[in-house]
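To be precise, the following lines are coords09.cif, and they hold mmCIF, C-alpha atoms and all ligand atoms.
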data_upload
#
loop_
_atom_site.label_atom_id
_atom_site.label_comp_id
_atom_site.auth_asym_id
_atom_site.auth_seq_id
_atom_site.Cartn_x
_atom_site.Cartn_y
_atom_site.Cartn_z
CA MET X 1 -171.82 11.96 122.84
CA ASP X 2 -168.73 11.76 125.03
CA GLN X 3 -168.93 9.71 128.16
CA VAL X 4 -169.13 11.59 131.43
CA LYS X 5 -166.84 10.33 134.18
CA THR X 6 -168.56 8.16 136.70
CA ILE X 7 -168.16 8.79 140.40
CA GLN X 8 -166.05 5.63 140.70
CA ASP X 9 -163.16 7.16 138.80
CA TYR X 10 -163.78 10.60 140.22
CA PRO X 11 -161.44 11.03 143.15
CA ILE X 12 -162.66 14.54 143.96
CA LEU X 13 -165.10 14.38 146.83
CA LEU X 14 -168.01 16.38 145.50
CA GLU X 15 -171.00 17.35 147.59
CA ASN X 16 -174.52 18.47 146.86
CA PHE X 17 -175.16 21.80 148.60
CA GLY X 18 -178.86 21.98 147.82
CA LEU X 19 -180.82 24.41 145.68
CA ALA X 20 -179.54 27.82 144.60
CA ALA X 21 -179.96 30.27 141.72
CA MET X 22 -177.36 32.33 139.90
CA SER X 23 -179.23 35.51 140.86
CA GLU X 24 -177.90 34.90 144.39
CA LEU X 25 -174.47 35.79 142.94
CA PHE X 26 -175.35 38.34 140.27
CA ASP X 27 -178.85 39.71 141.00
CA ASP X 28 -179.72 41.05 137.53
CA TRP X 29 -176.15 42.12 136.77
CA VAL X 30 -176.18 39.69 133.89
CA VAL X 31 -175.28 40.55 130.31
CA TYR X 32 -176.12 38.06 127.56
CA ARG X 33 -175.04 38.12 123.92
CA SER X 34 -177.05 41.23 122.98
CA LEU X 35 -174.83 43.22 125.37
CA GLU X 36 -177.94 44.81 126.86
CA PRO X 37 -177.81 44.18 130.64
CA VAL X 38 -180.78 42.46 132.28
CA ASP X 39 -180.71 45.14 135.02
CA ARG X 40 -182.32 48.05 133.22
CA ARG X 41 -180.54 50.63 135.38
CA LEU X 42 -177.43 49.72 133.43
CA LYS X 43 -177.16 50.87 129.83
CA GLY X 44 -175.72 48.57 127.20
CA LEU X 45 -174.54 48.37 123.62
CA LYS X 46 -177.13 50.76 122.14
CA SER X 47 -175.98 53.63 124.38
CA ALA X 48 -172.33 52.60 124.15
CA ARG X 49 -172.48 52.83 120.36
CA VAL X 50 -173.45 56.48 120.61
CA GLN X 51 -171.26 57.47 123.54
CA LEU X 52 -168.15 55.65 122.35
CA GLY X 53 -168.76 56.51 118.70
CA LEU X 54 -168.42 52.82 117.86
CA ASN X 55 -168.33 52.27 114.15
CA ILE X 56 -169.14 48.56 113.97
CA ASP X 57 -171.84 46.45 112.38
CA GLY X 58 -173.79 44.01 114.49
CA ILE X 59 -173.05 42.87 118.02
CA PRO X 60 -169.40 42.38 118.98
CA ARG X 61 -168.53 38.90 120.23
CA LYS X 62 -166.49 38.09 123.31
CA LEU X 63 -163.18 37.94 121.43
CA ASP X 64 -163.57 41.26 119.59
CA ASP X 65 -161.72 44.40 120.67
CA ALA X 66 -165.04 46.26 120.53
CA TYR X 67 -166.46 43.84 123.11
CA ALA X 68 -163.80 44.94 125.59
CA GLN X 69 -164.58 48.59 124.83
CA VAL X 70 -168.29 48.12 125.49
CA ALA X 71 -167.69 45.94 128.57
CA LEU X 72 -165.29 48.44 130.14
CA TRP X 73 -167.73 51.26 129.42
CA MET X 74 -170.48 49.24 131.15
CA PHE X 75 -168.27 48.53 134.18
CA GLU X 76 -167.64 52.26 134.58
CA LYS X 77 -171.37 53.03 134.35
CA ALA X 78 -172.20 50.24 136.80
CA GLN X 79 -169.58 51.41 139.26
CA SER X 80 -170.78 55.00 139.09
CA LEU X 81 -174.27 53.72 140.05
CA ARG X 82 -172.56 52.24 143.14
CA ARG X 83 -170.43 55.33 143.78
CA ALA X 84 -167.31 53.32 143.06
CA THR X 85 -164.60 53.29 140.43
CA VAL X 86 -163.00 50.64 138.23
CA ASP X 87 -159.53 50.08 139.71
CA GLU X 88 -159.09 46.33 139.16
CA ILE X 89 -160.67 43.74 136.85
CA ILE X 90 -160.64 40.03 137.61
CA PHE X 91 -162.21 37.35 135.44
CA ILE X 92 -163.46 33.79 136.04
CA GLY X 93 -164.06 31.54 133.03
CA ASP X 94 -163.54 28.14 131.48
CA THR X 95 -161.78 28.66 128.14
CA LEU X 96 -158.33 30.03 127.54
CA SER X 97 -159.08 30.99 123.94
CA GLY X 98 -162.43 32.63 124.77
CA ASP X 99 -162.53 33.96 128.33
CA GLY X 100 -158.73 34.23 128.56
CA LYS X 101 -158.59 36.32 125.39
CA ALA X 102 -161.53 38.47 126.49
CA TYR X 103 -159.69 39.16 129.75
CA GLN X 104 -156.48 40.03 127.89
CA ASN X 105 -158.38 42.47 125.67
CA LEU X 106 -159.88 44.10 128.75
CA HIS X 107 -156.48 44.27 130.39
CA THR X 108 -154.78 45.75 127.33
CA LEU X 109 -157.48 48.36 126.95
CA SER X 110 -157.81 49.34 130.62
CA GLN X 111 -154.17 48.92 131.70
CA LEU X 112 -155.57 48.10 135.14
CA PRO X 113 -154.27 45.54 137.62
CA GLY X 114 -156.14 42.25 137.39
CA SER X 115 -156.04 38.52 136.92
CA CYS X 116 -157.95 35.74 135.20
CA PHE X 117 -158.88 32.27 136.44
CA ILE X 118 -159.52 29.52 133.88
CA GLY X 119 -160.92 26.27 135.27
CA ASN X 120 -161.13 22.95 133.47
CA GLU X 121 -161.51 20.09 135.89
CA GLN X 122 -159.55 16.94 135.16
CA ALA X 123 -160.34 14.73 138.08
CA ASP X 124 -158.24 11.83 136.79
CA GLN X 125 -155.09 13.95 136.97
CA ALA X 126 -153.23 15.24 139.99
CA PRO X 127 -154.31 18.76 141.01
CA LEU X 128 -152.34 21.29 139.05
CA TYR X 129 -152.41 25.03 138.65
CA SER X 130 -150.09 27.58 137.13
CA LYS X 131 -150.00 31.24 136.33
CA ASP X 132 -148.70 32.68 133.10
CA GLU X 133 -147.14 35.93 134.25
CA ALA X 134 -147.05 37.33 130.71
CA THR X 135 -150.83 37.10 130.28
CA GLY X 136 -151.93 37.22 133.91
CA ILE X 137 -153.89 34.01 133.36
CA PHE X 138 -154.10 31.38 136.07
CA SER X 139 -155.11 27.92 134.82
CA ALA X 140 -156.23 25.08 137.07
CA ASN X 141 -157.55 21.56 136.71
CA ARG X 142 -159.66 21.88 139.84
CA TRP X 143 -162.45 24.40 140.37
CA SER X 144 -161.47 24.42 144.04
CA SER X 145 -158.23 26.15 142.96
CA LEU X 146 -160.28 29.35 142.90
CA ALA X 147 -159.17 29.56 146.55
CA ASP X 148 -155.49 29.17 145.54
CA TRP X 149 -155.94 31.85 142.90
CA LEU X 150 -157.56 34.38 145.24
CA THR X 151 -154.92 33.65 147.89
CA LEU X 152 -152.15 34.27 145.37
CA GLU X 153 -153.63 37.46 143.96
CA LYS X 154 -154.55 38.94 147.31
CA GLY X 155 -151.01 38.14 148.45
CA SER X 156 -149.57 39.93 145.42
CA GLY X 157 -151.48 43.10 146.16
CA LEU X 158 -154.92 42.99 144.53
CA LYS X 159 -157.30 44.85 146.86
CA LEU X 160 -160.48 42.94 145.93
CA ASP X 161 -162.73 45.66 147.27
CA LYS X 162 -165.59 47.86 146.07
CA ASN X 163 -163.48 49.25 143.23
CA THR X 164 -162.87 45.76 141.86
CA VAL X 165 -164.97 44.42 139.00
CA VAL X 166 -165.37 40.64 139.00
CA VAL X 167 -166.44 39.28 135.62
CA VAL X 168 -167.86 35.76 135.68
CA ASP X 169 -168.70 33.62 132.67
CA MET X 170 -171.95 31.63 132.81
CA ASP X 171 -171.96 28.45 130.70
CA LYS X 172 -169.50 25.80 131.84
CA THR X 173 -168.28 28.13 134.61
CA THR X 174 -171.08 29.27 136.95
CA ILE X 175 -173.29 26.43 135.73
CA GLY X 176 -172.22 23.16 134.12
CA ALA X 177 -168.57 23.36 135.29
CA ARG X 178 -166.18 22.42 132.49
CA GLY X 179 -164.67 18.98 132.99
CA ARG X 180 -167.36 18.08 135.52
CA ASN X 181 -170.86 18.90 134.35
CA ASP X 182 -170.45 20.59 130.93
CA LYS X 183 -172.02 17.73 128.97
CA ALA X 184 -175.35 18.47 130.64
CA ILE X 185 -175.34 21.90 128.98
CA ASP X 186 -174.63 20.31 125.59
CA SER X 187 -177.38 17.74 126.18
CA ALA X 188 -179.93 20.46 126.90
CA ARG X 189 -178.95 22.33 123.74
CA LEU X 190 -179.19 19.17 121.64
CA LYS X 191 -182.58 18.36 123.14
CA GLY X 192 -183.80 21.82 122.15
CA LEU X 193 -182.35 21.39 118.70
CA TYR X 194 -183.90 17.97 118.10
CA ARG X 195 -187.26 19.21 119.32
CA THR X 196 -187.11 22.18 116.94
CA VAL X 197 -186.19 20.06 113.96
CA GLY X 198 -188.77 17.44 114.97
CA ASN X 199 -191.45 20.17 115.07
CA VAL X 200 -190.55 21.28 111.55
CA LEU X 201 -190.04 17.92 109.88
CA GLY X 202 -192.46 15.73 111.84
CA ASP X 203 -192.25 12.05 110.94
CA ASP X 204 -189.76 12.80 108.18
CA PHE X 205 -187.06 13.76 110.71
CA ASP X 206 -184.08 11.42 110.33
CA ALA X 207 -182.14 11.76 113.59
CA LYS X 208 -179.28 9.55 112.41
CA LEU X 209 -178.77 11.61 109.27
CA PHE X 210 -179.01 14.81 111.31
CA GLU X 211 -176.21 13.61 113.57
CA THR X 212 -174.07 12.73 110.54
CA HIS X 213 -174.53 16.18 109.03
CA TYR X 214 -173.97 17.89 112.37
CA ASP X 215 -170.69 16.03 113.02
CA ARG X 216 -169.52 16.74 109.50
CA LEU X 217 -170.34 20.47 109.40
CA ASN X 218 -169.09 21.04 112.94
CA ARG X 219 -165.51 20.46 111.72
CA THR X 220 -162.98 23.27 111.39
CA LYS X 221 -163.00 22.70 107.65
CA TYR X 222 -166.50 24.25 107.44
CA HIS X 223 -165.97 27.09 109.92
CA HIS X 224 -165.88 29.64 107.11
CA VAL X 225 -169.52 28.81 106.42
CA THR X 226 -170.76 27.93 109.91
CA GLN X 227 -168.64 30.56 111.72
CA ASP X 228 -168.81 28.04 114.57
CA ASN X 229 -172.29 29.51 115.11
CA GLN X 230 -174.78 26.98 116.53
CA ASP X 231 -177.73 28.71 114.84
CA TYR X 232 -176.09 28.42 111.44
CA LEU X 233 -175.14 24.82 112.04
CA ALA X 234 -178.61 23.87 113.26
CA TYR X 235 -180.36 25.49 110.31
CA MET X 236 -178.01 23.89 107.80
CA CYS X 237 -178.64 20.45 109.28
CA LEU X 238 -182.38 21.07 109.24
CA VAL X 239 -182.29 21.94 105.55
CA LEU X 240 -180.08 18.98 104.68
CA ASN X 241 -182.46 16.70 106.57
CA ASN X 242 -185.42 17.92 104.57
CA GLY X 243 -185.80 15.59 101.62
CA ALA X 244 -188.50 17.81 100.12
CA ILE X 245 -185.98 20.53 99.32
CA ASP X 246 -185.04 19.80 95.78
CA CYS X 247 -181.34 20.60 96.01
CA VAL X 248 -179.46 17.35 95.93
CA ASP X 249 -176.15 19.10 95.43
CA LEU X 250 -176.47 21.41 98.45
CA LEU X 251 -173.83 19.70 100.56
CA ALA X 252 -171.64 19.22 97.50
CA SER X 253 -171.81 22.97 96.85
CA VAL X 254 -170.55 23.60 100.38
CA ASP X 255 -167.86 20.96 99.91
CA ASN X 256 -166.59 22.29 96.60
CA GLY X 257 -166.63 25.94 97.69
CA ASP X 258 -169.56 27.21 95.56
CA ILE X 259 -171.21 28.18 98.85
CA GLU X 260 -168.71 30.11 100.93
CA THR X 261 -170.78 31.91 103.55
CA PHE X 262 -173.90 31.27 105.59
CA PRO X 263 -175.97 34.02 103.90
CA GLN X 264 -175.07 32.40 100.57
CA PHE X 265 -176.35 29.09 101.90
CA VAL X 266 -179.64 30.69 102.95
CA ARG X 267 -180.05 32.40 99.56
CA TYR X 268 -179.36 29.12 97.82
CA VAL X 269 -182.06 27.42 99.90
CA GLU X 270 -184.41 30.29 99.04
CA THR X 271 -183.99 29.62 95.33
CA CYS X 272 -184.46 25.87 95.90
CA ILE X 273 -187.69 26.43 97.83
CA VAL X 274 -189.07 28.97 95.37
CA GLY X 275 -188.06 26.75 92.45
CA GLY X 276 -189.07 23.44 94.03
CA GLY X 277 -192.21 24.61 95.82
CA ARG X 278 -192.99 21.29 97.54
CA VAL X 279 -191.87 22.01 101.09
CA SER X 280 -194.26 21.91 104.04
CA GLU X 281 -195.71 25.10 105.50
CA THR X 282 -193.74 24.64 108.76
CA MET X 283 -190.50 24.34 106.80
CA ARG X 284 -191.35 27.37 104.73
CA GLN X 285 -192.03 29.37 107.91
CA ALA X 286 -188.80 28.19 109.57
CA HIS X 287 -186.83 29.14 106.49
CA THR X 288 -188.51 32.53 106.08
CA ALA X 289 -187.80 33.43 109.73
CA VAL X 290 -184.09 32.56 109.36
CA HIS X 291 -183.86 34.28 105.98
CA THR X 292 -185.37 37.51 107.37
CA SER X 293 -183.07 37.50 110.43
CA VAL X 294 -179.99 36.87 108.28
CA GLN X 295 -180.90 39.76 106.02
CA ALA X 296 -181.18 41.96 109.14
CA GLY X 297 -177.65 40.91 110.21
CA ASP X 298 -178.87 39.02 113.29
CA PRO X 299 -176.14 36.66 114.62
CA THR X 300 -178.82 34.48 116.25
CA PRO X 301 -181.19 33.91 113.32
CA PHE X 302 -182.71 30.55 114.30
CA LYS X 303 -185.05 31.89 117.00
CA SER X 304 -187.31 28.85 117.32
CA PHE X 305 -184.25 26.69 118.07
CA ARG X 306 -183.01 29.12 120.74
CA ARG X 307 -186.45 29.20 122.39
CA GLN X 308 -186.47 25.41 122.54
CA GLU X 309 -182.93 25.50 123.92
CA PHE X 310 -184.13 27.91 126.61
CA LEU X 311 -186.98 25.56 127.60
CA ALA X 312 -184.74 22.48 127.47
CA THR X 313 -182.13 24.22 129.65
CA LEU X 314 -184.80 24.94 132.28
CA GLU X 315 -185.88 21.28 132.06
CA TYR X 316 -182.30 20.28 132.89
CA MET X 317 -182.27 22.41 136.05
CA ASN X 318 -183.51 21.05 139.37
CA ASN X 319 -184.87 18.04 137.46
CA LEU X 320 -183.56 15.34 139.81
CA ALA X 321 -184.53 14.48 143.36
CA ASP X 322 -182.22 15.54 146.21
CA GLU X 323 -181.05 11.99 146.86
CA THR X 324 -180.04 11.27 143.22
CA PRO X 325 -176.45 9.89 143.10
CA LEU X 326 -173.94 12.58 142.10
CA ALA X 327 -172.67 10.74 139.02
CA GLU X 328 -176.17 10.63 137.61
CA ARG X 329 -176.81 14.25 138.59
CA LEU X 330 -173.65 15.46 136.80
CA ASN X 331 -174.81 13.60 133.69
CA ARG X 332 -178.40 14.72 133.65
CA GLU X 333 -178.77 17.97 135.55
CA ILE X 334 -177.18 21.36 134.96
CA THR X 335 -175.77 22.30 138.36
CA ILE X 336 -174.32 25.46 139.85
CA THR X 337 -170.57 25.25 140.51
CA GLN X 338 -170.28 25.50 144.29
CA GLU X 339 -166.68 26.77 144.16
CA VAL X 340 -167.66 29.63 141.81
CA ARG X 341 -170.64 30.34 144.03
CA GLU X 342 -168.52 30.54 147.18
CA ALA X 343 -165.77 32.58 145.52
CA THR X 344 -168.16 35.16 144.05
CA LEU X 345 -170.16 35.44 147.29
CA TRP X 346 -166.91 36.03 149.15
CA LEU X 347 -165.92 38.72 146.64
CA ARG X 348 -169.38 40.29 146.88
CA ASN X 349 -169.11 40.39 150.65
CA ARG X 350 -165.86 42.31 150.25
CA GLY X 351 -167.82 44.88 148.22
CA CYS X 352 -166.69 43.93 144.69
CA LEU X 353 -169.02 44.40 141.74
CA VAL X 354 -169.80 40.89 140.49
CA ILE X 355 -171.15 40.85 136.94
CA CYS X 356 -171.90 37.92 134.65
CA LEU X 357 -170.93 38.28 130.98
CA SER X 358 -172.23 35.46 128.83
CA ASP X 359 -172.04 34.73 125.14
CA LYS X 360 -175.32 32.83 125.47
CA PRO X 361 -177.98 34.24 123.13
CA ASP X 362 -180.67 36.16 125.00
CA GLU X 363 -183.34 34.01 123.33
CA ALA X 364 -181.77 30.90 124.91
CA SER X 365 -181.58 32.51 128.34
CA ALA X 366 -184.67 34.55 129.07
CA PRO X 367 -188.44 34.48 128.38
CA ASN X 368 -188.40 37.27 125.83
CA HIS X 369 -191.06 35.81 123.55
CA PRO X 370 -194.83 35.62 124.32
CA SER X 371 -194.85 31.83 123.94
CA VAL X 372 -192.45 31.37 126.87
CA ARG X 373 -193.34 34.36 129.05
CA ASP X 374 -194.40 32.26 132.07
CA GLN X 375 -190.87 30.91 132.50
CA LEU X 376 -188.07 32.23 134.70
CA PRO X 377 -184.86 33.47 133.09
CA ILE X 378 -182.00 30.95 133.44
CA HIS X 379 -180.15 33.08 136.00
CA ARG X 380 -183.21 33.11 138.30
CA ALA X 381 -184.04 29.40 137.99
CA GLN X 382 -183.05 27.15 140.85
CA THR X 383 -180.93 24.06 140.56
CA HIS X 384 -178.63 22.05 142.80
CA SER X 385 -175.23 23.45 143.64
CA VAL X 386 -172.47 20.86 143.48
CA GLY X 387 -168.76 20.99 144.20
CA VAL X 388 -166.12 21.18 146.88
CA SER X 389 -166.46 23.80 149.61
CA ILE X 390 -163.64 26.35 149.66
CA ALA X 391 -165.30 28.39 152.41
CA ASP X 392 -162.60 27.63 155.02
CA ALA X 393 -159.76 28.72 152.74
CA LEU X 394 -161.61 31.93 151.87
CA ALA X 395 -162.49 32.67 155.49
CA ALA X 396 -158.81 32.39 156.34
CA LEU X 397 -158.11 35.04 153.69
CA GLY X 398 -160.34 37.56 155.44
MG MG Y 1 -168.05 29.34 129.21
#
Take the structure in the file and give it back as structure tokens.
Amino acid sequence: MDQVKTIQDYPILLENFGLAAMSELFDDWVVYRSLEPVDRRLKGLKSARVQLGLNIDGIPRKLDDAYAQVALWMFEKAQSLRRATVDEIIFIGDTLSGDGKAYQNLHTLSQLPGSCFIGNEQADQAPLYSKDEATGIFSANRWSSLADWLTLEKGSGLKLDKNTVVVVDMDKTTIGARGRNDKAIDSARLKGLYRTVGNVLGDDFDAKLFETHYDRLNRTKYHHVTQDNQDYLAYMCLVLNNGAIDCVDLLASVDNGDIETFPQFVRYVETCIVGGGRVSETMRQAHTAVHTSVQAGDPTPFKSFRRQEFLATLEYMNNLADETPLAERLNREITITQEVREATLWLRNRGCLVICLSDKPDEASAPNHPSVRDQLPIHRAQTHSVGVSIADALAALG
């Protein structure tokens, strides 16, 4: 795993602002991968399919044109619940290729005034921000530049009022700020993954081999099979780790192109298991669950992994004492990004609709299975909020 910067070479003066929860910013205006909003007053993809006459299979992902269609439709419904309209759309995220593109799609479709902030903290570099006028995307290497962005956009005429929709990304933006605390999110996911695989394989689990397979299959070269989908990747590594599956040439078949898609991989494993017949009952169950979900076209087929990721994510929130040094906290705890918190609260106070759109699978975010029903959803769980206060700059803006 990459090394996280220590506080010694971290010239940004970060502070711990105590406990908070994302629901303070969003209430239940949170939409996970299923595109069905947590707030049940707001209709989601199922209704949008009918009303928009969407002719698409499965659930659109953040980069798809259909995603923008559904999102814009939801914004209009949400605003009508608040007796407001959609006159402006602004976006806060952490990836140019993901959030930036999603914003551009929304902008192209709606033709509304707006802007997008992309943060990726690089504390070892001088503070830098710039706006690409062609795309409307403002990029910054400090999360505190959210204040510079809002100052600029308010100055250039955005109203930022009740008819403004503010879209905020969750992972590595609202929590686990990219460039600052994002490795904690990856650590939680890996912990969930290792626990899942450990549960299936027991003493036979070879962590070293798992890591080798994971690093290998995570490369661009294999994206046609993995689709850069963590469920696919996790399941493939599980199968490859399982010595009892009598398919020595499985990885070779992926390498030489005999297996070209993930469903093909799953079918191949099916024939190996049926033919071999020596796998454990837990492995057979894990495989059957994935196989069934894949056949149903589910983009998140490895449910047991996502449930463990959900639990591990909660375990990485508010898991360290208040006095824990910040460097250690940023390594080991998923924190709320104070700058995003202050910016969205400021926008909310101005009357904007603040809504969180996340690509995170619902299973990894909320207790939607009986085995985890006592847990809080991620957006309602408390953790420490860390960052640089931009309250003064925002107060000066009005
Ligand atoms: Mg993100």
At a cut-off of 6 Å, can you tabulate as CSV every residue of chain X near ligand MG 1 (chain Y) together with its closest atom pair and the distance in Å to one decimal, using all atoms listed in the file and ordering rows by chain then number?
residue,atom,partner,partner_atom,distance
X:Gly93,CA,Y:MG1,MG,5.9
X:Asp94,CA,Y:MG1,MG,5.2
X:Asp169,CA,Y:MG1,MG,5.5
X:Met170,CA,Y:MG1,MG,5.8
X:Asp171,CA,Y:MG1,MG,4.3
X:Lys172,CA,Y:MG1,MG,4.6
X:Thr173,CA,Y:MG1,MG,5.5
Dump of C-alpha atoms for the selected residues, as an mmCIF file, in the coordinates of the input:
data_model
loop_
_atom_site.group_PDB
_atom_site.id
_atom_site.type_symbol
_atom_site.label_atom_id
_atom_site.label_comp_id
_atom_site.auth_asym_id
_atom_site.auth_seq_id
_atom_site.Cartn_x
_atom_site.Cartn_y
_atom_site.Cartn_z
ATOM 1 C CA GLY X 93 -164.060 31.540 133.030
ATOM 2 C CA ASP X 94 -163.540 28.140 131.480
ATOM 3 C CA ASP X 169 -168.700 33.620 132.670
ATOM 4 C CA MET X 170 -171.950 31.630 132.810
ATOM 5 C CA ASP X 171 -171.960 28.450 130.700
ATOM 6 C CA LYS X 172 -169.500 25.800 131.840
ATOM 7 C CA THR X 173 -168.280 28.130 134.610
#
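When atom CA of Gln69 of chain X is paired with atom CA of Gln51 of chain X, their separation reads 11.2 Å.
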(request) Name the closest residue to Leu209 of chain X among the candidates X:Gly119, X:Gly100, X:Pro127, X:Gly243; distances are taken between atoms, counting all atoms listed in the file. (result) X:Gly243
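As for atom CA of Asn256 of chain X and atom CA of Gln295 of chain X, they are spaced 24.5 Å apart.
Using all atoms listed in the file, the protein and nucleic acid residues lying no more than 10 Å from Ser139 of chain X, apart from those fewer than 4 places from it along its own chain, are Gly93, Asp94, Thr95, Leu96, Gly100, Cys116, Phe117, Ile118, Gly119, Asn120, Leu128, Tyr129, Ser130, Lys131, Asp132, Trp143, Ser145, Leu146 and Trp149 of chain X.
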(request) For each of X:Asp186, X:Leu347, X:Ile92, X:Lys162, take the minimum atom-to-atom distance to Ala140 of chain X, counting only C-alpha atoms, then give the residue where this is smallest. (result) X:Ile92
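With all atoms listed in the file as the atoms that count, the minimum distance from Gln122 of chain X to the choices X:Val168, X:Ser34, X:Ile12, X:Arg216 is reached by X:Ile12.
The space separating atom CA of Asp374 of chain X from atom CA of Met22 of chain X comes to 18.8 Å.
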(request) Do a neighbour search on Arg33 of chain X at 12 Å with all atoms listed in the file, toss out local chain neighbours closer than 5 positions, and write the hits as a PyMOL selection string. (result) chain X and resi 38+44-45+58-62+67+71+169-170+298-300+356-366
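Between Arg284 of chain X and the residues X:Ala321, X:Val225, X:Val200, X:Leu217, the shortest atom-to-atom distance, using only C-alpha atoms, involves X:Val200.
Each of X:Glu328, X:Ser115, X:Gln264, X:Arg380 was checked against Trp29 of chain X using all atoms listed in the file; the smallest atom-to-atom distance is that of X:Arg380.
The environment of Arg41 of chain X within 10 Å, counting only C-alpha atoms and disregarding residues fewer than 6 places along the same chain, consists of Asp28, Trp29, Lys77, Ala78 and Leu81 of chain X.
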Please output segment 378-391 of chain X, rebuilt to include N, CA and C atoms, as a short mmCIF file (atom, residue, chain, number, x, y, z; two decimals), in the coordinates of the input.
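Result went into result_8.cif, see below:
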data_model
loop_
_atom_site.label_atom_id
_atom_site.label_comp_id
_atom_site.auth_asym_id
_atom_site.auth_seq_id
_atom_site.Cartn_x
_atom_site.Cartn_y
_atom_site.Cartn_z
N ILE X 378 -182.95 31.97 132.95
CA ILE X 378 -182.00 30.95 133.44
C ILE X 378 -181.32 31.39 134.74
N HIS X 379 -180.94 32.67 134.82
CA HIS X 379 -180.15 33.08 136.00
C HIS X 379 -181.01 33.20 137.26
N ARG X 380 -182.35 33.08 137.11
CA ARG X 380 -183.21 33.11 138.30
C ARG X 380 -183.79 31.72 138.61
N ALA X 381 -183.51 30.75 137.77
CA ALA X 381 -184.04 29.40 137.99
C ALA X 381 -183.16 28.65 138.99
N GLN X 382 -183.81 27.89 139.85
CA GLN X 382 -183.05 27.15 140.85
C GLN X 382 -182.55 25.82 140.31
N THR X 383 -181.41 25.41 140.81
CA THR X 383 -180.93 24.06 140.56
C THR X 383 -179.98 23.71 141.70
N HIS X 384 -179.52 22.44 141.71
CA HIS X 384 -178.63 22.05 142.80
C HIS X 384 -177.24 22.64 142.60
N SER X 385 -176.60 22.95 143.70
CA SER X 385 -175.23 23.45 143.64
C SER X 385 -174.30 22.32 144.08
N VAL X 386 -173.32 22.01 143.23
CA VAL X 386 -172.47 20.86 143.48
C VAL X 386 -171.00 21.27 143.40
N GLY X 387 -170.20 20.72 144.28
CA GLY X 387 -168.76 20.99 144.20
C GLY X 387 -168.07 20.68 145.50
N VAL X 388 -166.94 21.37 145.69
CA VAL X 388 -166.12 21.18 146.88
C VAL X 388 -166.14 22.52 147.61
N SER X 389 -166.43 22.52 148.89
CA SER X 389 -166.46 23.80 149.61
C SER X 389 -165.05 24.38 149.77
N ILE X 390 -164.91 25.67 149.44
CA ILE X 390 -163.64 26.35 149.66
C ILE X 390 -163.82 27.45 150.72
N ALA X 391 -164.93 27.34 151.45
CA ALA X 391 -165.30 28.39 152.41
C ALA X 391 -164.21 28.60 153.46
#
